[in-house]
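Raw contents of run-v7.txt, compact mmCIF, C-alpha atoms and all ligand atoms:
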# COMPACT_ATOMS: atom_id res chain seq x y z
CA MET A 97 -20.93 12.93 -17.75
CA ASN A 98 -19.68 13.23 -14.18
CA LYS A 99 -15.90 12.75 -14.31
CA ASN A 100 -15.14 13.98 -10.77
CA VAL A 101 -13.01 11.68 -8.65
CA ILE A 102 -11.79 12.31 -5.11
CA ILE A 103 -8.63 10.54 -3.96
CA THR A 104 -7.45 10.70 -0.36
CA GLY A 105 -3.75 9.85 -0.04
CA VAL A 106 -3.08 11.22 -3.54
CA THR A 107 0.48 12.10 -2.50
CA GLY A 108 1.24 8.50 -1.46
CA GLN A 109 2.56 5.65 -3.59
CA ASP A 110 -0.81 4.29 -4.71
CA GLY A 111 -2.50 7.69 -4.86
CA ALA A 112 0.10 9.00 -7.30
CA TYR A 113 -0.07 5.96 -9.59
CA LEU A 114 -3.88 5.91 -9.43
CA ALA A 115 -4.13 9.63 -10.23
CA ARG A 116 -1.93 9.15 -13.31
CA PHE A 117 -3.99 6.13 -14.40
CA LEU A 118 -7.28 8.05 -14.04
CA LEU A 119 -5.95 11.22 -15.69
CA ARG A 120 -5.16 9.10 -18.75
CA LYS A 121 -8.83 8.13 -18.70
CA LYS A 122 -9.78 11.83 -18.65
CA PHE A 123 -11.13 11.92 -15.10
CA LYS A 124 -11.01 15.17 -13.14
CA ILE A 125 -8.94 14.43 -10.07
CA TYR A 126 -9.49 16.12 -6.72
CA GLY A 127 -6.70 15.07 -4.38
CA ILE A 128 -6.83 15.48 -0.63
CA VAL A 129 -3.53 16.80 0.66
CA ARG A 130 -2.59 17.64 4.22
CA ARG A 131 -0.36 20.48 5.25
CA ASN A 132 3.15 19.11 5.47
CA SER A 133 6.52 20.68 6.15
CA ASN A 134 8.19 18.27 3.70
CA ASP A 135 7.45 18.36 -0.01
CA PRO A 136 4.15 16.49 -0.31
CA PHE A 137 4.14 16.57 -4.13
CA LYS A 138 7.39 14.65 -4.65
CA ARG A 139 5.78 11.54 -6.18
CA LEU A 140 3.33 13.53 -8.30
CA ASP A 141 6.23 15.63 -9.60
CA ILE A 142 8.14 12.48 -10.54
CA LEU A 143 5.11 11.31 -12.57
CA GLY A 144 4.73 14.82 -14.03
CA ILE A 145 1.08 15.19 -12.98
CA THR A 146 1.13 17.71 -10.11
CA LYS A 147 -0.33 20.53 -12.22
CA LYS A 148 -3.14 18.32 -13.50
CA ILE A 149 -4.61 17.67 -10.05
CA ASN A 150 -7.03 19.89 -8.14
CA PHE A 151 -5.84 19.88 -4.56
CA ILE A 152 -8.06 20.08 -1.51
CA ASN A 153 -6.27 21.01 1.69
CA ALA A 154 -7.56 18.73 4.40
CA ASP A 155 -6.36 16.40 7.10
CA LEU A 156 -8.26 13.15 7.46
CA SER A 157 -8.62 13.88 11.16
CA GLU A 158 -10.59 17.06 10.45
CA PHE A 159 -13.55 16.21 8.39
CA LYS A 160 -15.38 19.46 7.52
CA GLN A 161 -13.43 20.23 4.34
CA ILE A 162 -13.83 16.72 2.92
CA GLU A 163 -17.58 16.75 3.61
CA LEU A 164 -17.87 20.11 1.88
CA GLN A 165 -16.20 18.70 -1.23
CA ILE A 166 -18.39 15.59 -1.30
CA LYS A 167 -21.46 17.89 -1.16
CA LYS A 168 -20.10 20.19 -3.84
CA LEU A 169 -18.54 17.73 -6.31
CA LYS A 170 -20.82 14.72 -5.86
CA PRO A 171 -17.94 12.64 -7.21
CA LYS A 172 -18.49 9.65 -9.45
CA MET A 173 -15.83 7.76 -7.47
CA PHE A 174 -14.16 8.23 -4.10
CA PHE A 175 -10.91 6.32 -3.52
CA ASN A 176 -9.96 6.27 0.13
CA LEU A 177 -6.22 5.59 0.07
CA GLY A 178 -5.15 8.05 2.78
CA ALA A 179 -3.88 6.30 5.88
CA GLN A 180 -1.27 6.10 8.57
CA SER A 181 0.07 3.14 6.61
CA PHE A 182 3.22 2.14 8.47
CA VAL A 183 2.57 -0.89 10.67
CA SER A 184 5.53 -0.40 13.06
CA TYR A 185 4.57 3.23 13.72
CA SER A 186 1.02 2.14 14.60
CA PHE A 187 2.32 0.31 17.73
CA ASP A 188 3.66 3.64 19.02
CA ASN A 189 0.57 5.67 18.00
CA PRO A 190 -2.50 3.42 18.12
CA ASP A 191 -5.03 6.18 18.84
CA TYR A 192 -3.78 8.38 15.98
CA THR A 193 -3.71 5.38 13.64
CA ASP A 194 -7.31 4.55 14.50
CA LYS A 195 -8.44 8.14 13.99
CA ILE A 196 -6.92 8.36 10.49
CA ASN A 197 -7.55 4.81 9.28
CA ASN A 198 -10.93 4.12 10.83
CA ALA A 199 -12.82 7.12 12.25
CA SER A 200 -12.26 9.11 9.06
CA VAL A 201 -13.77 6.28 7.00
CA VAL A 202 -16.97 6.40 9.04
CA ASN A 203 -17.19 10.13 8.37
CA ILE A 204 -16.59 9.75 4.64
CA LEU A 205 -19.16 6.96 4.29
CA GLU A 206 -21.73 8.85 6.32
CA SER A 207 -21.19 11.94 4.21
CA ILE A 208 -21.57 9.94 0.99
CA ARG A 209 -24.80 8.43 2.32
CA LEU A 210 -26.24 11.83 3.22
CA ASN A 211 -24.89 14.01 0.41
CA SER A 212 -23.97 11.90 -2.59
CA PRO A 213 -25.39 8.38 -2.37
CA LYS A 214 -24.53 7.56 -6.00
CA THR A 215 -20.79 8.01 -5.38
CA LYS A 216 -18.88 4.74 -5.67
CA PHE A 217 -16.54 4.24 -2.70
CA TYR A 218 -13.27 2.27 -2.65
CA GLN A 219 -11.66 1.38 0.67
CA ALA A 220 -7.95 0.49 0.76
CA SER A 221 -8.12 -2.65 2.89
CA THR A 222 -5.07 -4.77 3.53
CA SER A 223 -3.76 -8.31 3.90
CA GLU A 224 -2.45 -7.24 7.33
CA MET A 225 -6.06 -7.77 8.53
CA TYR A 226 -5.47 -11.55 8.31
CA GLY A 227 -2.72 -11.08 10.84
CA ASP A 228 -1.19 -13.93 12.75
CA ILE A 229 -1.70 -17.23 11.02
CA LYS A 230 1.26 -18.89 12.75
CA GLY A 231 1.36 -22.65 12.48
CA ILE A 232 -0.72 -22.52 9.31
CA THR A 233 2.11 -21.70 6.92
CA LYS A 234 1.32 -22.21 3.28
CA LYS A 235 -2.29 -21.25 4.00
CA VAL A 236 -3.55 -19.19 1.08
CA LEU A 237 -5.77 -16.30 2.13
CA HIS A 238 -8.95 -15.31 0.33
CA GLU A 239 -12.12 -13.29 0.91
CA GLU A 240 -13.62 -15.92 3.27
CA SER A 241 -10.48 -16.50 5.37
CA LYS A 242 -10.55 -15.65 9.06
CA PHE A 243 -9.14 -12.30 10.18
CA ASN A 244 -6.82 -12.14 13.17
CA PRO A 245 -5.29 -8.62 13.17
CA VAL A 246 -2.30 -8.17 15.48
CA SER A 247 -1.29 -4.52 15.04
CA PRO A 248 -3.15 -1.24 15.66
CA TYR A 249 -2.81 -0.64 11.90
CA ALA A 250 -4.53 -3.91 11.02
CA ILE A 251 -7.24 -3.47 13.66
CA SER A 252 -8.07 0.04 12.42
CA LYS A 253 -8.19 -1.22 8.83
CA LEU A 254 -10.40 -4.17 9.76
CA SER A 255 -12.91 -1.86 11.44
CA ALA A 256 -12.97 0.36 8.33
CA TYR A 257 -13.42 -2.78 6.21
CA TYR A 258 -16.53 -3.70 8.19
CA TYR A 259 -17.91 -0.14 8.01
CA THR A 260 -17.50 -0.28 4.23
CA ARG A 261 -19.45 -3.54 4.11
CA MET A 262 -22.09 -2.14 6.45
CA TYR A 263 -22.74 0.90 4.24
CA ARG A 264 -23.08 -1.47 1.30
CA THR A 265 -25.42 -3.98 2.90
CA GLY A 266 -27.28 -1.58 5.19
CA TYR A 267 -27.69 1.49 2.99
CA GLY A 268 -27.11 0.20 -0.53
CA ILE A 269 -24.07 2.43 -1.09
CA PHE A 270 -21.69 1.17 -3.80
CA ALA A 271 -18.84 0.53 -1.36
CA SER A 272 -16.09 -2.00 -2.07
CA ASN A 273 -13.00 -3.22 -0.25
CA GLY A 274 -9.85 -4.04 -2.14
CA ILE A 275 -7.97 -6.41 0.20
CA LEU A 276 -4.59 -5.72 -1.31
CA PHE A 277 -1.50 -7.72 -0.47
CA ASN A 278 1.83 -5.87 -0.41
CA HIS A 279 2.59 -3.91 -3.54
CA GLU A 280 5.68 -1.91 -4.19
CA GLY A 281 7.48 0.17 -6.76
CA PRO A 282 9.90 3.08 -7.17
CA LEU A 283 7.49 5.41 -5.34
CA ARG A 284 7.31 3.25 -2.20
CA GLY A 285 7.75 5.16 1.10
CA GLU A 286 11.29 5.32 2.47
CA GLN A 287 10.52 3.44 5.69
CA PHE A 288 9.10 0.33 3.98
CA VAL A 289 11.38 -2.70 3.89
CA THR A 290 11.53 -3.16 0.09
CA LYS A 291 12.60 0.46 -0.45
CA LYS A 292 15.01 0.19 2.47
CA ILE A 293 16.65 -2.86 0.90
CA VAL A 294 16.94 -1.55 -2.67
CA LYS A 295 18.12 1.88 -1.58
CA GLY A 296 20.31 0.43 1.17
CA VAL A 297 22.10 -2.09 -1.05
CA LEU A 298 22.85 0.60 -3.64
CA ASN A 299 24.07 2.89 -0.90
CA PHE A 300 26.27 0.05 0.40
CA ILE A 301 27.83 -0.32 -3.04
CA HIS A 302 28.69 3.40 -3.02
CA THR A 303 29.55 4.02 0.62
CA GLY A 304 30.05 0.66 2.34
CA GLN A 305 27.39 1.46 4.92
CA PRO A 306 25.39 -1.60 6.05
CA VAL A 307 21.61 -1.98 6.04
CA TYR A 308 19.80 -2.77 9.29
CA LEU A 309 16.76 -5.05 9.14
CA GLY A 310 14.35 -6.75 11.57
CA ASN A 311 12.78 -10.17 10.97
CA ILE A 312 14.15 -11.35 7.63
CA TYR A 313 12.07 -14.52 7.74
CA SER A 314 8.69 -12.73 7.34
CA LYS A 315 7.16 -13.76 4.05
CA ARG A 316 5.05 -11.50 1.88
CA ASP A 317 3.10 -11.76 -1.35
CA TRP A 318 4.64 -8.82 -3.22
CA GLY A 319 3.11 -7.28 -6.33
CA ASP A 320 3.66 -4.22 -8.50
CA ALA A 321 1.78 -1.09 -7.37
CA GLU A 322 0.99 -0.05 -10.95
CA ASP A 323 -0.91 -3.30 -11.55
CA TYR A 324 -2.75 -2.90 -8.26
CA VAL A 325 -4.09 0.64 -8.81
CA GLU A 326 -5.65 -0.50 -12.08
CA MET A 327 -7.59 -3.07 -10.07
CA MET A 328 -8.88 -0.35 -7.73
CA TYR A 329 -10.46 1.33 -10.73
CA ARG A 330 -11.83 -1.89 -12.15
CA ILE A 331 -13.37 -2.84 -8.79
CA LEU A 332 -15.41 0.38 -8.87
CA ASN A 333 -16.39 -0.25 -12.46
CA LEU A 334 -18.22 -3.48 -11.76
CA THR A 335 -21.99 -3.38 -11.75
CA LYS A 336 -22.08 -4.64 -8.14
CA SER A 337 -19.95 -3.61 -5.18
CA ASP A 338 -18.09 -6.37 -3.37
CA ASP A 339 -14.79 -7.24 -1.64
CA PHE A 340 -11.78 -8.59 -3.52
CA VAL A 341 -8.37 -9.96 -2.64
CA ILE A 342 -5.64 -8.75 -4.99
CA ALA A 343 -2.44 -10.77 -4.72
CA THR A 344 0.11 -12.59 -6.86
CA GLY A 345 -0.19 -16.02 -5.19
CA LYS A 346 3.58 -16.20 -4.54
CA ALA A 347 5.29 -15.39 -1.25
CA TYR A 348 8.95 -14.59 -0.64
CA SER A 349 10.86 -13.86 2.56
CA ILE A 350 12.60 -10.57 3.18
CA LYS A 351 15.87 -12.54 3.03
CA GLU A 352 14.92 -13.74 -0.46
CA PHE A 353 14.12 -10.15 -1.42
CA VAL A 354 17.65 -9.16 -0.33
CA ASN A 355 19.13 -12.04 -2.35
CA MET A 356 17.19 -11.06 -5.50
CA THR A 357 18.22 -7.40 -5.16
CA CYS A 358 21.91 -8.31 -4.72
CA ASN A 359 21.70 -10.71 -7.62
CA PHE A 360 20.32 -8.00 -9.94
CA LEU A 361 23.12 -5.69 -8.78
CA ASN A 362 25.79 -8.39 -9.28
CA LEU A 363 26.74 -8.19 -5.62
CA LYS A 364 27.86 -11.59 -4.30
CA ILE A 365 26.88 -12.16 -0.68
CA LYS A 366 26.63 -15.03 1.79
CA TRP A 367 24.62 -15.36 4.99
CA VAL A 368 26.50 -16.27 8.15
CA GLY A 369 25.47 -16.77 11.79
CA SER A 370 21.98 -17.37 13.09
CA GLY A 371 19.18 -15.66 15.00
CA ILE A 372 19.90 -12.08 15.95
CA SER A 373 23.56 -12.60 14.93
CA GLU A 374 22.76 -13.62 11.36
CA LYS A 375 24.16 -11.28 8.74
CA ALA A 376 24.87 -11.02 5.03
CA ILE A 377 28.49 -10.38 4.15
CA THR A 378 30.26 -9.74 0.86
CA GLU A 379 33.15 -11.72 -0.59
CA GLN A 380 35.46 -9.17 1.08
CA ASN A 381 33.83 -10.00 4.46
CA LYS A 382 32.13 -6.61 4.67
CA PRO A 383 28.76 -6.68 6.47
CA LEU A 384 25.88 -5.73 4.15
CA ILE A 385 22.84 -6.75 6.22
CA ILE A 386 22.83 -6.58 10.01
CA ILE A 387 19.86 -7.73 12.11
CA LYS A 388 18.68 -5.28 14.74
CA LYS A 389 16.39 -6.41 17.53
CA SER A 390 14.74 -2.99 17.84
CA LEU A 391 13.45 -3.34 14.27
CA PHE A 392 11.33 -6.38 15.12
CA ARG A 393 7.61 -5.62 15.50
CA PRO A 394 6.03 -6.30 18.94
CA HIS A 395 3.80 -8.86 17.19
CA ASP A 396 4.93 -9.85 13.74
CA VAL A 397 2.87 -11.23 10.89
CA SER A 398 5.16 -13.96 9.66
CA TYR A 399 3.41 -15.14 6.52
CA LEU A 400 0.95 -13.63 4.04
CA LEU A 401 0.02 -15.34 0.79
CA GLY A 402 -3.08 -14.39 -1.18
CA ASP A 403 -5.51 -16.21 -3.42
CA ALA A 404 -7.00 -13.76 -5.94
CA SER A 405 -9.21 -16.32 -7.75
CA LYS A 406 -12.36 -14.25 -7.18
CA ALA A 407 -10.76 -11.13 -8.67
CA LYS A 408 -9.42 -13.18 -11.58
CA LYS A 409 -12.93 -14.40 -12.34
CA ILE A 410 -14.96 -11.24 -11.69
CA VAL A 411 -12.57 -8.31 -12.14
CA GLY A 412 -10.26 -9.84 -14.75
CA TRP A 413 -7.16 -9.66 -12.55
CA LYS A 414 -4.08 -10.51 -14.59
CA PRO A 415 -0.91 -8.76 -13.42
CA LYS A 416 1.43 -7.50 -16.12
CA SER A 417 4.41 -7.37 -13.76
CA ASN A 418 5.99 -9.70 -11.17
CA ILE A 419 8.40 -9.43 -8.25
CA GLN A 420 11.52 -9.63 -10.44
CA LYS A 421 10.34 -6.90 -12.82
CA MET A 422 9.24 -4.80 -9.86
CA ILE A 423 12.64 -5.05 -8.10
CA LYS A 424 14.42 -4.17 -11.35
CA LYS A 425 12.20 -1.08 -11.72
CA MET A 426 13.00 -0.02 -8.15
CA ILE A 427 16.74 -0.50 -8.78
CA GLU A 428 16.68 1.50 -12.02
CA PHE A 429 14.86 4.35 -10.27
CA GLU A 430 17.36 4.49 -7.38
CA LYS A 431 20.32 4.26 -9.78
CA LYS A 432 19.09 7.39 -11.59
CA ILE A 433 18.92 9.24 -8.27
CA TYR A 434 22.53 8.20 -7.54
CA LYS A 435 23.65 9.55 -10.89
P1 LIG B 501 1.45 5.71 1.55
O1 LIG B 501 2.44 5.84 0.45
O2 LIG B 501 1.94 5.67 2.95
O3 LIG B 501 0.41 6.92 1.39
C1 LIG B 501 -0.46 7.29 2.41
C2 LIG B 501 -1.15 8.58 2.02
O4 LIG B 501 -2.04 8.96 3.07
C3 LIG B 501 -0.19 9.76 1.80
O5 LIG B 501 -0.67 10.52 0.71
C4 LIG B 501 -0.33 10.54 3.09
O6 LIG B 501 -0.07 11.91 2.97
C5 LIG B 501 -1.83 10.34 3.35
N1 LIG B 501 -2.16 10.63 4.75
C6 LIG B 501 -1.64 10.07 5.86
N2 LIG B 501 -2.16 10.64 6.96
C7 LIG B 501 -3.03 11.60 6.52
C8 LIG B 501 -3.86 12.54 7.18
N3 LIG B 501 -3.90 12.62 8.51
N4 LIG B 501 -4.61 13.36 6.42
C9 LIG B 501 -4.57 13.33 5.06
N5 LIG B 501 -3.79 12.45 4.37
C10 LIG B 501 -3.03 11.60 5.11
O7 LIG B 501 0.55 4.42 1.35
P2 LIG B 501 0.31 3.54 0.01
O8 LIG B 501 1.33 2.47 -0.03
O9 LIG B 501 0.12 4.45 -1.13
O10 LIG B 501 -1.05 2.83 0.36
C11 LIG B 501 -2.31 3.41 0.01
C12 LIG B 501 -3.39 2.80 0.88
O11 LIG B 501 -3.43 1.39 0.67
C13 LIG B 501 -3.19 2.99 2.37
O12 LIG B 501 -4.45 3.15 2.96
C14 LIG B 501 -2.56 1.69 2.82
O13 LIG B 501 -2.83 1.44 4.17
C15 LIG B 501 -3.25 0.71 1.89
N6 LIG B 501 -2.52 -0.51 1.58
C16 LIG B 501 -1.26 -0.42 1.05
C17 LIG B 501 -0.58 -1.58 0.72
C18 LIG B 501 0.80 -1.54 0.12
O14 LIG B 501 1.46 -2.58 0.07
N7 LIG B 501 1.25 -0.42 -0.39
C19 LIG B 501 -1.19 -2.84 0.91
C20 LIG B 501 -2.50 -2.87 1.40
C21 LIG B 501 -3.15 -1.71 1.71
P3 LIG B 501 1.42 12.53 3.17
O15 LIG B 501 2.02 12.52 1.80
O16 LIG B 501 1.16 13.90 3.68
O17 LIG B 501 2.14 11.66 4.14

Write the structure described by the file as C-alpha cells, please.
Amino acid sequence: MNKNVIITGVTGQDGAYLARFLLRKKFKIYGIVRRNSNDPFKRLDILGITKKINFINADLSEFKQIELQIKKLKPKMFFNLGAQSFVSYSFDNPDYTDKINNASVVNILESIRLNSPKTKFYQASTSEMYGDIKGITKKVLHEESKFNPVSPYAISKLSAYYYTRMYRTGYGIFASNGILFNHEGPLRGEQFVTKKIVKGVLNFIHTGQPVYLGNIYSKRDWGDAEDYVEMMYRILNLTKSDDFVIATGKAYSIKEFVNMTCNFLNLKIKWVGSGISEKAITEQNKPLIIIKKSLFRPHDVSYLLGDASKAKKIVGWKPKSNIQKMIKKMIEFEKKIYK
C-alpha cells in the first residue's frame, strides 16, 4: 500500500504535529524544508521525530524539486502547510507572501494533475479569508459565509483556496480546503500573539520586563493545534473532497487571553487607562502589558468566530482540548524552558 505523504511546512507548528500524528499511523513522511540559517528542526526535535522524516530540500518559491518528488513518490496524500503565515509581515512583503502562499499552490496542483492525479491534496486555508466583518459582531462564520480578505496574507490564501476548488471541480482532483480558525500550542511561532503573551508574562515574572501588544480587543476563535492536525488527516480520508471550517465556536479577545494566562500563573493584574494608554499593571503598580501603536495592523480583523457544524456532521469533529487546556499546555512548556 502506498504510504508516502508529502508535507510542506513540516518544520512549522502544524507540520510538526501532523508529521508525528501520521508517523504513529505508519506513514512515510517526506517533509519539504528550506535552507535556513536558524535551526529549522527545532520543533521536530522537541517531538523527537526529526530522524524519522525524509527531508526534501526545497523552497516553495522554486518549484522544480517539489515537482520531481511528486513525480517520483506519487504520494497518497499531499499536505500543503508551508506558508508565509504571519499576517503583519504580509503587509510589508505582499509580493513574497503571494508567491509562497498562492503561486506555489498553483504549481503543486498542476503537478499533481499532470504527474500523480490520485494524490489527495490538503490546502491550509484560514479564517483570515473572512476578513473584515465589522458591524456584524457575533456573526458565526461557516463554509457559505462571504469572504472579505483585508491583508495580503488573506488575499493570497483566498486565491489558493479557489485554485484548490477549481482543481477539484474542473479536473476531479481530490483537493480539499481546511478553513482553520486560529489554533495554538507550545510549538506556536514566537511572533504570534498567544506565544508572545505566555512567554512574555513568564518573562515578566522573572525579569520584570513588560510585554508590548497591539489591538487587545481583537477576538479570535482559538483551538488546540493537536486537535486541528487530526482533522487535516480526517478531511483527506473522506470518500469525497470538500471544504470544511474547523473552529471551536467560542471567541475570546486578546485581553481575555492575557487575563486567563495571568490567572493560571497566579499573577494578579488590573487594567487601567483607555485607548492607546490602556495597560495592565500588577498589584505593585508595575506595568505588565503596554499597548504600542506600531503593533496595530494597517487593517485589522476584529472578530472571527467559526461554526464547524459541517465538519461535526461529516468529519466527526469533536475537539479533545479547549482554550484553557491549551493555555496551560503552553505555560507548562515555557516553564520547562525557564528551568
Ligand atoms: P508556521 O508555524 O508559520 O509554519 C510555516 C511553515 O512554512 C514552516 O515550516 C516554514 O518553514 C514553511 N515555509 C515558509 N516559507 C517557506 C518557503 N518559502 N519554502 C518552504 N517552506 C516555507 O505555520 P503553522 O501555524 O504551522 O500553519 C500551517 C499552515 O496553516 C500555514 O499555511 C498557515 O497559513 C495555515 N493556518 C494556520 C493557522 C494557525 O492558527 N496556526 C490558522 C489557519 C491557517 P521555516 O521553518 O523554514 O520557516

I want to know what sits within 10 Å of stretch 352-362 of chain A, based on all atoms listed in the file, with residues of the same chain fewer than 2 positions away left out; could you give that as an MDAnalysis selection string?
chainID A and resid 289:290 293:295 297:298 301 312:313 315:316 318 347:350 364:367 376 384:385 419:420 423:424 426:427

Would you output that residue set with C-alpha atoms, as a tab-separated table (two decimals), in the frame of the given file?
chain	number	residue	atom	x	y	z
A	289	VAL	CA	11.38	-2.70	3.89
A	290	THR	CA	11.53	-3.16	0.09
A	293	ILE	CA	16.65	-2.86	0.90
A	294	VAL	CA	16.94	-1.55	-2.67
A	295	LYS	CA	18.12	1.88	-1.58
A	297	VAL	CA	22.10	-2.09	-1.05
A	298	LEU	CA	22.85	0.60	-3.64
A	301	ILE	CA	27.83	-0.32	-3.04
A	312	ILE	CA	14.15	-11.35	7.63
A	313	TYR	CA	12.07	-14.52	7.74
A	315	LYS	CA	7.16	-13.76	4.05
A	316	ARG	CA	5.05	-11.50	1.88
A	318	TRP	CA	4.64	-8.82	-3.22
A	347	ALA	CA	5.29	-15.39	-1.25
A	348	TYR	CA	8.95	-14.59	-0.64
A	349	SER	CA	10.86	-13.86	2.56
A	350	ILE	CA	12.60	-10.57	3.18
A	364	LYS	CA	27.86	-11.59	-4.30
A	365	ILE	CA	26.88	-12.16	-0.68
A	366	LYS	CA	26.63	-15.03	1.79
A	367	TRP	CA	24.62	-15.36	4.99
A	376	ALA	CA	24.87	-11.02	5.03
A	384	LEU	CA	25.88	-5.73	4.15
A	385	ILE	CA	22.84	-6.75	6.22
A	419	ILE	CA	8.40	-9.43	-8.25
A	420	GLN	CA	11.52	-9.63	-10.44
A	423	ILE	CA	12.64	-5.05	-8.10
A	424	LYS	CA	14.42	-4.17	-11.35
A	426	MET	CA	13.00	-0.02	-8.15
A	427	ILE	CA	16.74	-0.50	-8.78

All residues within 7 Å of ligand LIG 501 (chain B) are required, counting all atoms listed in the file; please report them as JSON, numbers by chain.
{"A": [104, 105, 106, 107, 108, 109, 110, 111, 128, 129, 130, 131, 132, 136, 154, 155, 156, 157, 176, 177, 178, 179, 180, 181, 182, 196, 220, 221, 222, 223, 275, 276, 277, 278, 279, 280, 284, 285]}

Each stretch 163-198 of chain A residue no farther than 12 Å from stretch 396-411 of chain A, nearest pair in Å, only C-alpha atoms, as a Markdown table:
| residue | atom | partner | partner_atom | distance |
| --- | --- | --- | --- | --- |
| A:Val183 | CA | A:Asp396 | CA | 9.8 |
| A:Ser184 | CA | A:Asp396 | CA | 9.5 |
| A:Phe187 | CA | A:Asp396 | CA | 11.2 |

How many Å lie between atom CA of A:Pro171 and atom CA of A:Tyr258, rounded to one decimal?
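Interatomic distance, atom CA of A:Pro171 to atom CA of A:Tyr258: 22.5 Å.
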
Could you list, as an NGL selection string, every residue within 9 Å of A:Pro190, counting all atoms listed in the file and ignoring same-chain residues fewer than 6 positions away?
:A and (247-249 or 252)

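When atom CA of A:Arg264 is paired with atom CA of A:Val202, their separation reads 12.6 Å.
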
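Minimum atom-to-atom distances from A:Lys172, A:Lys147, A:Arg116, A:Lys195 to A:Phe159 were compared using only C-alpha atoms, and the lowest value belongs to A:Lys195.
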
Quick one: pull the distance between atom CA of A:Leu332 and atom CA of A:Tyr218, Å, one decimal.
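These atoms are spaced 6.8 Å apart.
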
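Using all atoms listed in the file, the nearest neighbour of A:Leu309 within the list A:Tyr263, A:Ile387, A:Val368, A:Gly281 is A:Ile387.
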
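Taking only C-alpha atoms into account, A:Asp320 lies nearest to A:Met422 out of the set A:Val101, A:Met262, A:Ile377, A:Met422.
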
Centre and edge lengths of an axis-aligned box around all listed atoms of stretch 137-147 of chain A, with 3 Å added on each side, are to be given in Å to one decimal, as lines of an AutoDock Vina configuration file.
center_x = 3.9
center_y = 15.9
center_z = -9.1
size_x = 14.5
size_y = 15.2
size_z = 15.9

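Of the residues listed (A:Gln380, A:Asn273, A:Asn198, A:Thr193), A:Asn273 shows the shortest atom-to-atom separation from A:Met328; distances use only C-alpha atoms.
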
Pick from A:Ile386, A:Ile269, A:Ile342, A:Leu334: nearest to A:Leu237, with all atoms listed in the file counted?
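Of A:Ile386, A:Ile269, A:Ile342, A:Leu334, the one nearest A:Leu237 is A:Ile342, counting all atoms listed in the file.
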
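Shortest separation to A:Lys121 among A:Tyr185, A:Asn134, A:Tyr329, A:Glu206 occurs at residue A:Tyr329, atoms counted being all atoms listed in the file.
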
Add whatever atoms are absent from stretch 357-368 of chain A to reach N, CA, C and O atoms, and provide the output as a PDB file, keeping the file's coordinate frame.
ATOM      1  N   THR A 357      17.695  -8.760  -4.907  1.00  0.00           N
ATOM      2  CA  THR A 357      18.220  -7.400  -5.160  1.00  0.00           C
ATOM      3  C   THR A 357      19.732  -7.464  -5.413  1.00  0.00           C
ATOM      4  O   THR A 357      20.233  -6.864  -6.369  1.00  0.00           O
ATOM      5  N   CYS A 358      20.444  -8.209  -4.560  1.00  0.00           N
ATOM      6  CA  CYS A 358      21.910  -8.310  -4.720  1.00  0.00           C
ATOM      7  C   CYS A 358      22.244  -8.982  -6.042  1.00  0.00           C
ATOM      8  O   CYS A 358      23.193  -8.582  -6.726  1.00  0.00           O
ATOM      9  N   ASN A 359      21.473  -9.998  -6.374  1.00  0.00           N
ATOM     10  CA  ASN A 359      21.700 -10.710  -7.620  1.00  0.00           C
ATOM     11  C   ASN A 359      21.573  -9.768  -8.823  1.00  0.00           C
ATOM     12  O   ASN A 359      22.437  -9.750  -9.701  1.00  0.00           O
ATOM     13  N   PHE A 360      20.508  -8.948  -8.821  1.00  0.00           N
ATOM     14  CA  PHE A 360      20.320  -8.000  -9.940  1.00  0.00           C
ATOM     15  C   PHE A 360      21.431  -6.953  -9.983  1.00  0.00           C
ATOM     16  O   PHE A 360      21.714  -6.373 -11.024  1.00  0.00           O
ATOM     17  N   LEU A 361      22.051  -6.695  -8.826  1.00  0.00           N
ATOM     18  CA  LEU A 361      23.120  -5.690  -8.780  1.00  0.00           C
ATOM     19  C   LEU A 361      24.518  -6.331  -8.866  1.00  0.00           C
ATOM     20  O   LEU A 361      25.529  -5.658  -8.618  1.00  0.00           O
ATOM     21  N   ASN A 362      24.518  -7.639  -9.176  1.00  0.00           N
ATOM     22  CA  ASN A 362      25.790  -8.390  -9.280  1.00  0.00           C
ATOM     23  C   ASN A 362      26.641  -8.284  -8.028  1.00  0.00           C
ATOM     24  O   ASN A 362      27.869  -8.212  -8.105  1.00  0.00           O
ATOM     25  N   LEU A 363      26.004  -8.241  -6.887  1.00  0.00           N
ATOM     26  CA  LEU A 363      26.740  -8.190  -5.620  1.00  0.00           C
ATOM     27  C   LEU A 363      26.680  -9.569  -4.982  1.00  0.00           C
ATOM     28  O   LEU A 363      25.597 -10.040  -4.611  1.00  0.00           O
ATOM     29  N   LYS A 364      27.821 -10.219  -4.864  1.00  0.00           N
ATOM     30  CA  LYS A 364      27.860 -11.590  -4.300  1.00  0.00           C
ATOM     31  C   LYS A 364      27.884 -11.506  -2.773  1.00  0.00           C
ATOM     32  O   LYS A 364      28.762 -10.862  -2.197  1.00  0.00           O
ATOM     33  N   ILE A 365      26.918 -12.180  -2.152  1.00  0.00           N
ATOM     34  CA  ILE A 365      26.880 -12.160  -0.680  1.00  0.00           C
ATOM     35  C   ILE A 365      26.696 -13.582  -0.155  1.00  0.00           C
ATOM     36  O   ILE A 365      26.259 -14.470  -0.882  1.00  0.00           O
ATOM     37  N   LYS A 366      27.023 -13.776   1.127  1.00  0.00           N
ATOM     38  CA  LYS A 366      26.630 -15.030   1.790  1.00  0.00           C
ATOM     39  C   LYS A 366      26.110 -14.695   3.182  1.00  0.00           C
ATOM     40  O   LYS A 366      26.481 -13.664   3.766  1.00  0.00           O
ATOM     41  N   TRP A 367      25.208 -15.561   3.667  1.00  0.00           N
ATOM     42  CA  TRP A 367      24.620 -15.360   4.990  1.00  0.00           C
ATOM     43  C   TRP A 367      25.419 -16.173   5.995  1.00  0.00           C
ATOM     44  O   TRP A 367      25.695 -17.349   5.765  1.00  0.00           O
ATOM     45  N   VAL A 368      25.769 -15.555   7.106  1.00  0.00           N
ATOM     46  CA  VAL A 368      26.500 -16.270   8.150  1.00  0.00           C
ATOM     47  C   VAL A 368      25.813 -16.032   9.494  1.00  0.00           C
ATOM     48  O   VAL A 368      25.068 -15.061   9.662  1.00  0.00           O
TER      49      VAL A 368
END
